[in-house]
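Asks: This is the content of run39.pdb (PDB, C-alpha atoms):
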ATOM      1  CA  MET B   1     -75.202  33.228   3.720
ATOM      2  CA  CYS B   2     -78.048  31.224   5.123
ATOM      3  CA  LEU B   3     -76.496  30.035   8.369
ATOM      4  CA  ILE B   4     -73.893  31.721  10.567
ATOM      5  CA  ALA B   5     -72.523  30.944  14.008
ATOM      6  CA  LEU B   6     -69.779  32.970  15.616
ATOM      7  CA  ALA B   7     -67.680  33.095  18.740
ATOM      8  CA  TRP B   8     -67.015  36.705  19.711
ATOM      9  CA  ARG B   9     -64.211  37.369  22.190
ATOM     10  CA  ALA B  10     -64.757  33.865  23.562
ATOM     11  CA  HIS B  11     -61.392  32.311  22.676
ATOM     12  CA  PRO B  12     -57.936  33.207  24.056
ATOM     13  CA  ARG B  13     -56.329  33.260  20.593
ATOM     14  CA  TYR B  14     -59.116  34.337  18.216
ATOM     15  CA  ARG B  15     -61.166  37.453  18.849
ATOM     16  CA  LEU B  16     -63.694  36.326  16.224
ATOM     17  CA  ILE B  17     -64.444  32.856  14.876
ATOM     18  CA  LEU B  18     -67.151  32.586  12.237
ATOM     19  CA  ALA B  19     -68.621  29.429  10.683
ATOM     20  CA  ALA B  20     -71.126  29.784   7.870
ATOM     21  CA  ASN B  21     -72.960  28.054   5.042
ATOM     22  CA  ARG B  22     -74.156  29.752   1.894
ATOM     23  CA  ASP B  23     -77.233  28.176   0.295
ATOM     24  CA  GLU B  24     -78.120  29.213  -3.245
ATOM     25  CA  PHE B  25     -79.331  27.942  -6.602
ATOM     26  CA  HIS B  26     -76.490  26.045  -8.232
ATOM     27  CA  ALA B  27     -77.143  27.793 -11.530
ATOM     28  CA  ARG B  28     -76.470  31.259 -10.072
ATOM     29  CA  PRO B  29     -73.069  32.485 -11.324
ATOM     30  CA  THR B  30     -70.634  32.866  -8.436
ATOM     31  CA  LEU B  31     -66.953  33.708  -8.016
ATOM     32  CA  PRO B  32     -65.131  31.656  -5.346
ATOM     33  CA  LEU B  33     -63.047  32.940  -2.452
ATOM     34  CA  ALA B  34     -60.306  35.215  -3.807
ATOM     35  CA  GLU B  35     -58.944  38.741  -3.822
ATOM     36  CA  TRP B  36     -61.276  41.049  -5.733
ATOM     37  CA  GLU B  37     -59.866  42.409  -8.979
ATOM     38  CA  ASP B  38     -61.407  45.854  -8.444
ATOM     39  CA  ALA B  39     -60.504  45.947  -4.729
ATOM     40  CA  PRO B  40     -57.397  43.762  -4.205
ATOM     41  CA  GLN B  41     -57.346  44.213  -0.431
ATOM     42  CA  VAL B  42     -60.810  42.640  -0.177
ATOM     43  CA  ILE B  43     -61.047  38.848   0.095
ATOM     44  CA  GLY B  44     -64.265  36.907  -0.314
ATOM     45  CA  GLY B  45     -66.621  35.074  -2.582
ATOM     46  CA  ARG B  46     -68.665  37.183  -4.963
ATOM     47  CA  ASP B  47     -72.047  37.207  -6.659
ATOM     48  CA  ALA B  48     -71.276  37.413 -10.363
ATOM     49  CA  LEU B  49     -74.738  38.834 -11.104
ATOM     50  CA  HIS B  50     -74.683  41.958  -8.916
ATOM     51  CA  GLY B  51     -71.076  42.229  -7.745
ATOM     52  CA  GLY B  52     -71.852  41.970  -4.039
ATOM     53  CA  SER B  53     -70.950  39.256  -1.549
ATOM     54  CA  TRP B  54     -72.365  37.134   1.252
ATOM     55  CA  LEU B  55     -69.084  37.211   3.215
ATOM     56  CA  ALA B  56     -65.984  39.333   2.682
ATOM     57  CA  LEU B  57     -63.044  40.800   4.588
ATOM     58  CA  ARG B  58     -60.482  43.566   4.284
ATOM     59  CA  GLY B  59     -57.843  43.003   6.915
ATOM     60  CA  ARG B  60     -59.806  42.456  10.136
ATOM     61  CA  ARG B  61     -62.816  44.273   8.727
ATOM     62  CA  LEU B  62     -65.544  41.710   8.001
ATOM     63  CA  ALA B  63     -69.157  41.661   6.864
ATOM     64  CA  ALA B  64     -71.606  38.798   6.301
ATOM     65  CA  VAL B  65     -75.278  38.775   5.365
ATOM     66  CA  THR B  66     -78.221  36.376   5.312
ATOM     67  CA  ASN B  67     -81.637  36.827   3.796
ATOM     68  CA  VAL B  68     -84.759  36.933   5.966
ATOM     69  CA  ARG B  69     -87.334  34.308   5.062
ATOM     70  CA  ARG B  70     -90.662  36.108   4.993
ATOM     71  CA  PRO B  71     -92.575  35.536   1.741
ATOM     72  CA  PRO B  72     -93.354  37.092  -0.542
ATOM     73  CA  GLU B  73     -89.782  38.211  -1.193
ATOM     74  CA  GLN B  74     -89.665  41.982  -1.297
ATOM     75  CA  GLU B  75     -88.037  43.787  -4.188
ATOM     76  CA  GLY B  76     -85.127  46.068  -3.505
ATOM     77  CA  ARG B  77     -81.397  46.501  -3.718
ATOM     78  CA  SER B  78     -79.166  43.457  -3.439
ATOM     79  CA  ARG B  79     -78.195  42.450   0.104
ATOM     80  CA  GLY B  80     -74.701  41.725  -1.166
ATOM     81  CA  GLU B  81     -74.102  45.454  -1.614
ATOM     82  CA  LEU B  82     -74.153  45.835   2.164
ATOM     83  CA  VAL B  83     -71.188  43.484   2.540
ATOM     84  CA  ALA B  84     -69.201  45.037  -0.300
ATOM     85  CA  ASP B  85     -69.829  48.603   0.856
ATOM     86  CA  PHE B  86     -68.781  47.955   4.448
ATOM     87  CA  VAL B  87     -65.533  46.085   3.751
ATOM     88  CA  ARG B  88     -64.488  48.726   1.230
ATOM     89  CA  GLY B  89     -65.254  51.567   3.627
ATOM     90  CA  ASP B  90     -63.641  52.903   6.779
ATOM     91  CA  ALA B  91     -66.563  53.789   9.068
ATOM     92  CA  ASP B  92     -66.684  52.026  12.417
ATOM     93  CA  ALA B  93     -69.536  49.649  13.169
ATOM     94  CA  THR B  94     -71.721  52.186  14.992
ATOM     95  CA  ALA B  95     -71.336  54.863  12.341
ATOM     96  CA  ALA B  96     -71.976  52.398   9.537
ATOM     97  CA  MET B  97     -75.146  51.134  11.181
ATOM     98  CA  ARG B  98     -76.446  54.624  11.876
ATOM     99  CA  ALA B  99     -75.931  55.496   8.226
ATOM    100  CA  LEU B 100     -77.640  52.280   7.106
ATOM    101  CA  ALA B 101     -80.693  53.041   9.255
ATOM    102  CA  ASN B 102     -81.653  55.770   6.783
ATOM    103  CA  ASP B 103     -81.542  53.446   3.767
ATOM    104  CA  ALA B 104     -82.457  50.035   5.195
ATOM    105  CA  THR B 105     -85.851  49.849   3.497
ATOM    106  CA  GLN B 106     -84.200  50.076   0.079
ATOM    107  CA  TYR B 107     -82.739  46.574   0.468
ATOM    108  CA  ARG B 108     -84.299  43.166   0.320
ATOM    109  CA  PRO B 109     -84.885  41.741   3.829
ATOM    110  CA  PHE B 110     -81.518  41.160   5.461
ATOM    111  CA  ASN B 111     -79.600  40.186   8.573
ATOM    112  CA  LEU B 112     -76.175  41.841   8.590
ATOM    113  CA  LEU B 113     -73.108  41.213  10.745
ATOM    114  CA  ILE B 114     -70.195  43.658  10.637
ATOM    115  CA  HIS B 115     -66.841  43.662  12.434
ATOM    116  CA  ASP B 116     -64.712  46.813  12.284
ATOM    117  CA  GLY B 117     -61.676  45.300  13.971
ATOM    118  CA  ASP B 118     -62.802  46.215  17.486
ATOM    119  CA  SER B 119     -66.598  45.913  17.643
ATOM    120  CA  LEU B 120     -69.130  43.454  16.278
ATOM    121  CA  ALA B 121     -72.618  44.615  15.338
ATOM    122  CA  PHE B 122     -75.799  43.024  14.029
ATOM    123  CA  ALA B 123     -78.531  44.761  12.062
ATOM    124  CA  SER B 124     -81.716  43.777  10.268
ATOM    125  CA  ASN B 125     -84.490  45.507   8.383
ATOM    126  CA  PHE B 126     -86.861  42.782   9.549
ATOM    127  CA  SER B 127     -88.897  43.991  12.501
ATOM    128  CA  GLY B 128     -88.356  41.818  15.560
ATOM    129  CA  ALA B 129     -84.993  40.401  14.483
ATOM    130  CA  ALA B 130     -83.063  41.913  17.380
ATOM    131  CA  SER B 131     -83.435  43.715  20.661
ATOM    132  CA  PRO B 132     -81.986  46.954  19.372
ATOM    133  CA  ASP B 133     -79.505  49.541  20.567
ATOM    134  CA  ILE B 134     -80.605  51.604  17.575
ATOM    135  CA  ALA B 135     -84.059  51.261  16.035
ATOM    136  CA  GLY B 136     -85.957  53.010  13.275
ATOM    137  CA  ASP B 137     -89.588  53.438  12.329
ATOM    138  CA  SER B 138     -89.086  51.292   9.219
ATOM    139  CA  GLY B 139     -88.352  48.134  11.236
ATOM    140  CA  PHE B 140     -84.586  48.568  11.129
ATOM    141  CA  ALA B 141     -82.859  47.436  14.315
ATOM    142  CA  MET B 142     -79.193  47.320  15.271
ATOM    143  CA  ARG B 143     -77.297  46.089  18.304
ATOM    144  CA  MET B 144     -73.713  45.683  19.400
ATOM    145  CA  LEU B 145     -72.988  42.068  20.307
ATOM    146  CA  ASP B 146     -71.775  40.999  23.717
ATOM    147  CA  PRO B 147     -68.939  38.447  23.961
ATOM    148  CA  GLY B 148     -70.107  34.866  23.562
ATOM    149  CA  ILE B 149     -71.571  32.464  21.011
ATOM    150  CA  HIS B 150     -74.172  33.867  18.617
ATOM    151  CA  GLY B 151     -76.006  32.554  15.584
ATOM    152  CA  VAL B 152     -78.377  33.617  12.854
ATOM    153  CA  SER B 153     -80.063  31.976   9.908
ATOM    154  CA  ASN B 154     -83.035  33.422   8.049
ATOM    155  CA  GLY B 155     -84.862  34.648  11.136
ATOM    156  CA  GLY B 156     -83.891  36.601  14.217
ATOM    157  CA  LEU B 157     -80.516  36.770  15.903
ATOM    158  CA  ASP B 158     -79.969  33.790  18.240
ATOM    159  CA  ALA B 159     -83.403  32.437  17.295
ATOM    160  CA  PRO B 160     -83.745  28.788  18.428
ATOM    161  CA  TRP B 161     -83.985  27.308  14.942
ATOM    162  CA  PRO B 162     -82.673  23.712  15.115
ATOM    163  CA  LYS B 163     -79.756  24.181  12.710
ATOM    164  CA  THR B 164     -78.768  27.495  14.299
ATOM    165  CA  ALA B 165     -78.863  26.033  17.801
ATOM    166  CA  MET B 166     -76.881  22.976  16.668
ATOM    167  CA  LEU B 167     -74.136  25.021  15.003
ATOM    168  CA  MET B 168     -73.880  27.384  17.964
ATOM    169  CA  ALA B 169     -73.534  24.416  20.330
ATOM    170  CA  LYS B 170     -70.894  22.694  18.174
ATOM    171  CA  LEU B 171     -68.927  25.915  17.807
ATOM    172  CA  GLY B 172     -69.097  26.456  21.551
ATOM    173  CA  GLU B 173     -67.748  22.928  22.121
ATOM    174  CA  TRP B 174     -64.910  23.554  19.668
ATOM    175  CA  VAL B 175     -64.012  26.840  21.344
ATOM    176  CA  ALA B 176     -63.872  25.180  24.768
ATOM    177  CA  ALA B 177     -61.779  22.232  23.529
ATOM    178  CA  SER B 178     -59.419  24.439  21.551
ATOM    179  CA  ALA B 179     -58.918  26.851  24.441
ATOM    180  CA  ALA B 180     -58.218  23.981  26.841
ATOM    181  CA  ASN B 181     -55.499  22.621  24.534
ATOM    182  CA  LEU B 182     -54.080  25.971  23.502
ATOM    183  CA  SER B 183     -50.548  25.369  24.806
ATOM    184  CA  THR B 184     -50.061  22.319  22.585
ATOM    185  CA  ASP B 185     -52.627  22.961  19.865
ATOM    186  CA  ASN B 186     -50.580  25.262  17.630
ATOM    187  CA  VAL B 187     -52.572  24.294  14.559
ATOM    188  CA  PRO B 188     -56.207  23.849  15.606
ATOM    189  CA  ASP B 189     -58.214  21.066  14.020
ATOM    190  CA  PHE B 190     -61.075  22.753  12.176
ATOM    191  CA  GLU B 191     -62.719  19.495  11.085
ATOM    192  CA  PRO B 192     -65.294  19.490  13.932
ATOM    193  CA  ILE B 193     -66.550  22.869  12.718
ATOM    194  CA  PHE B 194     -66.773  21.695   9.118
ATOM    195  CA  ALA B 195     -68.487  18.499  10.292
ATOM    196  CA  ALA B 196     -71.171  20.607  11.970
ATOM    197  CA  LEU B 197     -71.569  22.698   8.808
ATOM    198  CA  ALA B 198     -71.951  19.444   6.830
ATOM    199  CA  ASP B 199     -74.788  18.109   9.024
ATOM    200  CA  THR B 200     -77.712  17.002   6.831
ATOM    201  CA  THR B 201     -80.048  16.050   9.701
ATOM    202  CA  LEU B 202     -83.661  17.076   9.164
ATOM    203  CA  ALA B 203     -85.262  18.817  12.118
ATOM    204  CA  ALA B 204     -88.312  17.338  13.805
ATOM    205  CA  ASP B 205     -91.541  18.937  12.626
ATOM    206  CA  ASP B 206     -92.392  20.259  16.076
ATOM    207  CA  ARG B 207     -89.120  22.220  16.155
ATOM    208  CA  LEU B 208     -89.449  23.833  12.739
ATOM    209  CA  PRO B 209     -89.981  27.588  12.468
ATOM    210  CA  ASP B 210     -93.072  28.863  10.677
ATOM    211  CA  THR B 211     -91.870  31.401   8.138
ATOM    212  CA  GLY B 212     -94.848  31.175   5.824
ATOM    213  CA  ILE B 213     -93.412  28.774   3.232
ATOM    214  CA  GLY B 214     -95.256  25.604   4.218
ATOM    215  CA  LEU B 215     -94.199  22.505   6.144
ATOM    216  CA  GLU B 216     -92.546  20.672   3.238
ATOM    217  CA  ARG B 217     -90.181  23.550   2.438
ATOM    218  CA  GLU B 218     -89.494  24.160   6.120
ATOM    219  CA  ARG B 219     -88.346  20.535   6.355
ATOM    220  CA  PHE B 220     -86.241  20.826   3.199
ATOM    221  CA  LEU B 221     -84.450  23.933   4.519
ATOM    222  CA  SER B 222     -84.028  22.667   8.088
ATOM    223  CA  PRO B 223     -80.572  20.992   7.851
ATOM    224  CA  ALA B 224     -77.364  22.943   8.223
ATOM    225  CA  PHE B 225     -76.216  21.445   4.902
ATOM    226  CA  ILE B 226     -78.658  21.091   2.003
ATOM    227  CA  ALA B 227     -77.835  18.616  -0.770
ATOM    228  CA  HIS B 228     -80.107  18.925  -3.811
ATOM    229  CA  PRO B 229     -79.737  18.957  -7.614
ATOM    230  CA  THR B 230     -80.804  22.576  -8.128
ATOM    231  CA  TYR B 231     -80.613  24.375  -4.757
ATOM    232  CA  GLY B 232     -78.371  23.711  -1.824
ATOM    233  CA  THR B 233     -75.272  24.523   0.161
ATOM    234  CA  ARG B 234     -72.643  25.899  -2.183
ATOM    235  CA  ALA B 235     -69.980  27.011   0.289
ATOM    236  CA  SER B 236     -68.934  26.294   3.861
ATOM    237  CA  THR B 237     -66.599  28.909   5.303
ATOM    238  CA  VAL B 238     -64.616  29.259   8.513
ATOM    239  CA  VAL B 239     -62.973  32.585   9.399
ATOM    240  CA  LEU B 240     -60.569  33.069  12.308
ATOM    241  CA  ILE B 241     -59.441  36.563  13.270
ATOM    242  CA  ALA B 242     -56.559  36.803  15.748
ATOM    243  CA  GLU B 243     -54.388  39.721  16.826
ATOM    244  CA  ASP B 244     -51.628  38.754  14.404
ATOM    245  CA  ARG B 245     -53.387  36.896  11.574
ATOM    246  CA  VAL B 246     -56.593  36.190   9.716
ATOM    247  CA  ASP B 247     -57.357  32.775   8.234
ATOM    248  CA  ILE B 248     -60.173  31.924   5.854
ATOM    249  CA  ILE B 249     -61.021  28.395   4.749
ATOM    250  CA  GLU B 250     -63.735  27.828   2.148
ATOM    251  CA  ARG B 251     -65.079  24.522   0.870
ATOM    252  CA  LEU B 252     -67.146  24.577  -2.307
ATOM    253  CA  PHE B 253     -69.959  22.225  -3.256
ATOM    254  CA  GLY B 254     -72.019  21.477  -6.337
ATOM    255  CA  PRO B 255     -75.369  19.771  -6.961
ATOM    256  CA  GLU B 256     -76.230  16.991  -4.505
ATOM    257  CA  GLY B 257     -73.490  18.220  -2.184
ATOM    258  CA  SER B 258     -70.645  17.159  -4.486
ATOM    259  CA  PHE B 259     -67.303  18.460  -3.200
ATOM    260  CA  LEU B 260     -65.632  20.900  -5.600
ATOM    261  CA  GLY B 261     -62.518  21.862  -3.670
ATOM    262  CA  GLU B 262     -61.067  23.902  -0.838
ATOM    263  CA  ARG B 263     -59.304  27.248  -0.689
ATOM    264  CA  ARG B 264     -57.300  28.629   2.249
ATOM    265  CA  ILE B 265     -56.124  32.215   2.476
ATOM    266  CA  HIS B 266     -53.960  33.730   5.180
ATOM    267  CA  ALA B 267     -54.140  37.510   5.467
TER
END
Once more with this new file: its structure as structure tokens, please.

Replies:
Amino acid sequence: MCLIALAWRAHPRYRLILAANRDEFHARPTLPLAEWEDAPQVIGGRDALHGGSWLALRGRRLAAVTNVRRPPEQEGRSRGELVADFVRGDADATAAMRALANDATQYRPFNLLIHDGDSLAFASNFSGAASPDIAGDSGFAMRMLDPGIHGVSNGGLDAPWPKTAMLMAKLGEWVAASAANLSTDNVPDFEPIFAALADTTLAADDRLPDTGIGLERERFLSPAFIAHPTYGTRASTVVLIAEDRVDIIERLFGPEGSFLGERRIHA
């Protein structure tokens, strides 16, 4: 993933609402949202090169990852392993993060969100990405998230990047509107969330982060949705976890933002 916003214990029906875009080279082989053949209880998209994922669930157990944009890209284990390992496992969020602290430097720079069914935690091996509950000498930091609206892209948690701030605000508006109409809104309208994920607005130069890639690339990567022939947004995903159900909606895109279809799974 390259952009995630989530509402944690902020809605009367859904304990966790997650909206995310995955940006990637269009040539990279990818498996769409589905049950995994080697782990049928796991649902998610999958990286066909390394077998990991950017977002996956098993029941109410969820993990999602973004890269951290700090060139040059460090070598290491695939970030997608972190998602696959957590959703296949049984450790709670705190135990999983404590175990990861010992191995965090082995992975390429990451931001990781994990939900164990009860708690939601964030971790990064990028120094300064979070105000930690658990920290290590290697730059690893972890924190349990308080209820509310949170967001992360390729920098720190809740960093005021334009696209992160926009998606957090739009998700917050949707949560408020949905909660206000809960008695009659039996089937929530998710289109406002997908509209925010589809926003192609370029950020103003004076609001761009400086991640060391130059102004032109910062501009190119500034929208929530990136439409380009070779690199861009390949999936927009909304996940809703309630007490009695889990819903996942994924929309797939090709070069230049061409729509390739939608998949909905109820677990």

Asks: Quick one, how far is CA of Ala10 in chain B from CA of Ala176 in chain B?

Replies: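 It comes out at 8.8 Å.
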
Asks: What do you get, as a list of chain:residue names, if you spell out every residue that the PyMOL selection byres ((chain B and resi 252) around 8) selects here?

Replies: B:Pro32, B:Arg234, B:Ala235, B:Ser236, B:Glu250, B:Arg251, B:Phe253, B:Gly254, B:Phe259, B:Leu260, B:Gly261, B:Glu262

Asks: Take the PyMOL selection byres ((chain B and resi 60-66) around 7), apply it to the structure above, and return the hits as a VMD selection string.

Replies: chain B and resid 1 to 2 54 to 59 67 to 68 83 86 to 87 110 to 117 153 to 154 241

Asks: Which distance in Å separates CA of Ile149 in chain B and CA of Arg9 in chain B, to one decimal?

Replies: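 These atoms are spaced 8.9 Å apart.
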
Asks: Taking 6 positions as the minimum chain separation for residues in the same chain, which residues sit within 12 Å of Thr230 in chain B when counting all atoms listed in the file? Answer as a PyMOL selection string.

Replies: chain B and resi 23-28+253-257

Asks: Can you spell out as a compact mmCIF listing (two decimals) with C-alpha atoms, in the coordinates of the input the set of residues that the PyMOL selection byres ((chain B and resi 100) around 12) selects in the structure I just provided?

Replies:
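Printed below is selection08.txt as written:
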# COMPACT_ATOMS: atom_id res chain seq x y z
CA GLU B 81 -74.10 45.45 -1.61
CA LEU B 82 -74.15 45.84 2.16
CA VAL B 83 -71.19 43.48 2.54
CA ASP B 85 -69.83 48.60 0.86
CA PHE B 86 -68.78 47.96 4.45
CA ALA B 91 -66.56 53.79 9.07
CA ALA B 93 -69.54 49.65 13.17
CA THR B 94 -71.72 52.19 14.99
CA ALA B 95 -71.34 54.86 12.34
CA ALA B 96 -71.98 52.40 9.54
CA MET B 97 -75.15 51.13 11.18
CA ARG B 98 -76.45 54.62 11.88
CA ALA B 99 -75.93 55.50 8.23
CA ALA B 101 -80.69 53.04 9.26
CA ASN B 102 -81.65 55.77 6.78
CA ASP B 103 -81.54 53.45 3.77
CA ALA B 104 -82.46 50.04 5.20
CA THR B 105 -85.85 49.85 3.50
CA GLN B 106 -84.20 50.08 0.08
CA TYR B 107 -82.74 46.57 0.47
CA PHE B 110 -81.52 41.16 5.46
CA LEU B 112 -76.18 41.84 8.59
CA ILE B 114 -70.19 43.66 10.64
CA PHE B 122 -75.80 43.02 14.03
CA ALA B 123 -78.53 44.76 12.06
CA SER B 124 -81.72 43.78 10.27
CA ASN B 125 -84.49 45.51 8.38
CA ILE B 134 -80.60 51.60 17.58
CA ALA B 135 -84.06 51.26 16.04
CA GLY B 136 -85.96 53.01 13.28
CA SER B 138 -89.09 51.29 9.22
CA PHE B 140 -84.59 48.57 11.13
CA ALA B 141 -82.86 47.44 14.32
CA MET B 142 -79.19 47.32 15.27

Asks: Choose the residue, out of B:Ala267, B:Trp8, B:Lys163, B:Arg70, that has the smallest atom-to-atom separation from Asp146 in chain B; count only C-alpha atoms.

Replies: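 Using only C-alpha atoms, the shortest distance to Asp146 in chain B belongs to B:Trp8.
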
Asks: Between B:Arg217, B:Asp47, B:Asn181, B:Val152, which has the minimum distance to Leu18 in chain B (counting all atoms listed in the file)?

Replies: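 The closest residue to Leu18 in chain B is B:Val152.
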
Asks: Given 6 Å on each side, where is the centre and what are the edge lengths in Å to one decimal of the axis-aligned box enclosing the listed atoms of range 123-127 of chain B, as lines of an AutoDock Vina configuration file?

Replies:
center_x = -83.7
center_y = 44.1
center_z = 10.4
size_x = 22.4
size_y = 14.7
size_z = 16.1

Asks: So what do you get for CA of Glu216 in chain B versus CA of Pro162 in chain B, distance-wise?

Replies: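 Straight-line distance from CA of Glu216 in chain B to CA of Pro162 in chain B works out to 15.7 Å.
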
Asks: Given the point (-75.1, 36.2, -7.2) in the coordinates of this file, which residues lie within 7 Å, counting all atoms listed in the file, and how would they look as a PDB file with C-alpha atoms, in the frame of the given file?

Replies:
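Saved to selection.pdb:
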ATOM      1  CA  ARG B  28     -76.470  31.259 -10.072  1.00  0.00           C
ATOM      2  CA  PRO B  29     -73.069  32.485 -11.324  1.00  0.00           C
ATOM      3  CA  THR B  30     -70.634  32.866  -8.436  1.00  0.00           C
ATOM      4  CA  ARG B  46     -68.665  37.183  -4.963  1.00  0.00           C
ATOM      5  CA  ASP B  47     -72.047  37.207  -6.659  1.00  0.00           C
ATOM      6  CA  ALA B  48     -71.276  37.413 -10.363  1.00  0.00           C
ATOM      7  CA  LEU B  49     -74.738  38.834 -11.104  1.00  0.00           C
ATOM      8  CA  HIS B  50     -74.683  41.958  -8.916  1.00  0.00           C
TER       9      HIS B  50
END

Asks: From the set B:Asn21, B:Ser78, B:Gln41, B:Ser178, which residue has the shortest atom-to-atom contact distance to Ala198 in chain B, counting all atoms listed in the file?

Replies: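 Answer, going by the shortest atom-to-atom distance: B:Asn21.
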
Asks: Go through B:Val238, B:Met144, B:Leu221, B:Ala204 one by one, measure the shortest atom-to-atom distance of each to Leu6 in chain B using all atoms listed in the file, and give the residue with the smallest value.

Replies: B:Val238
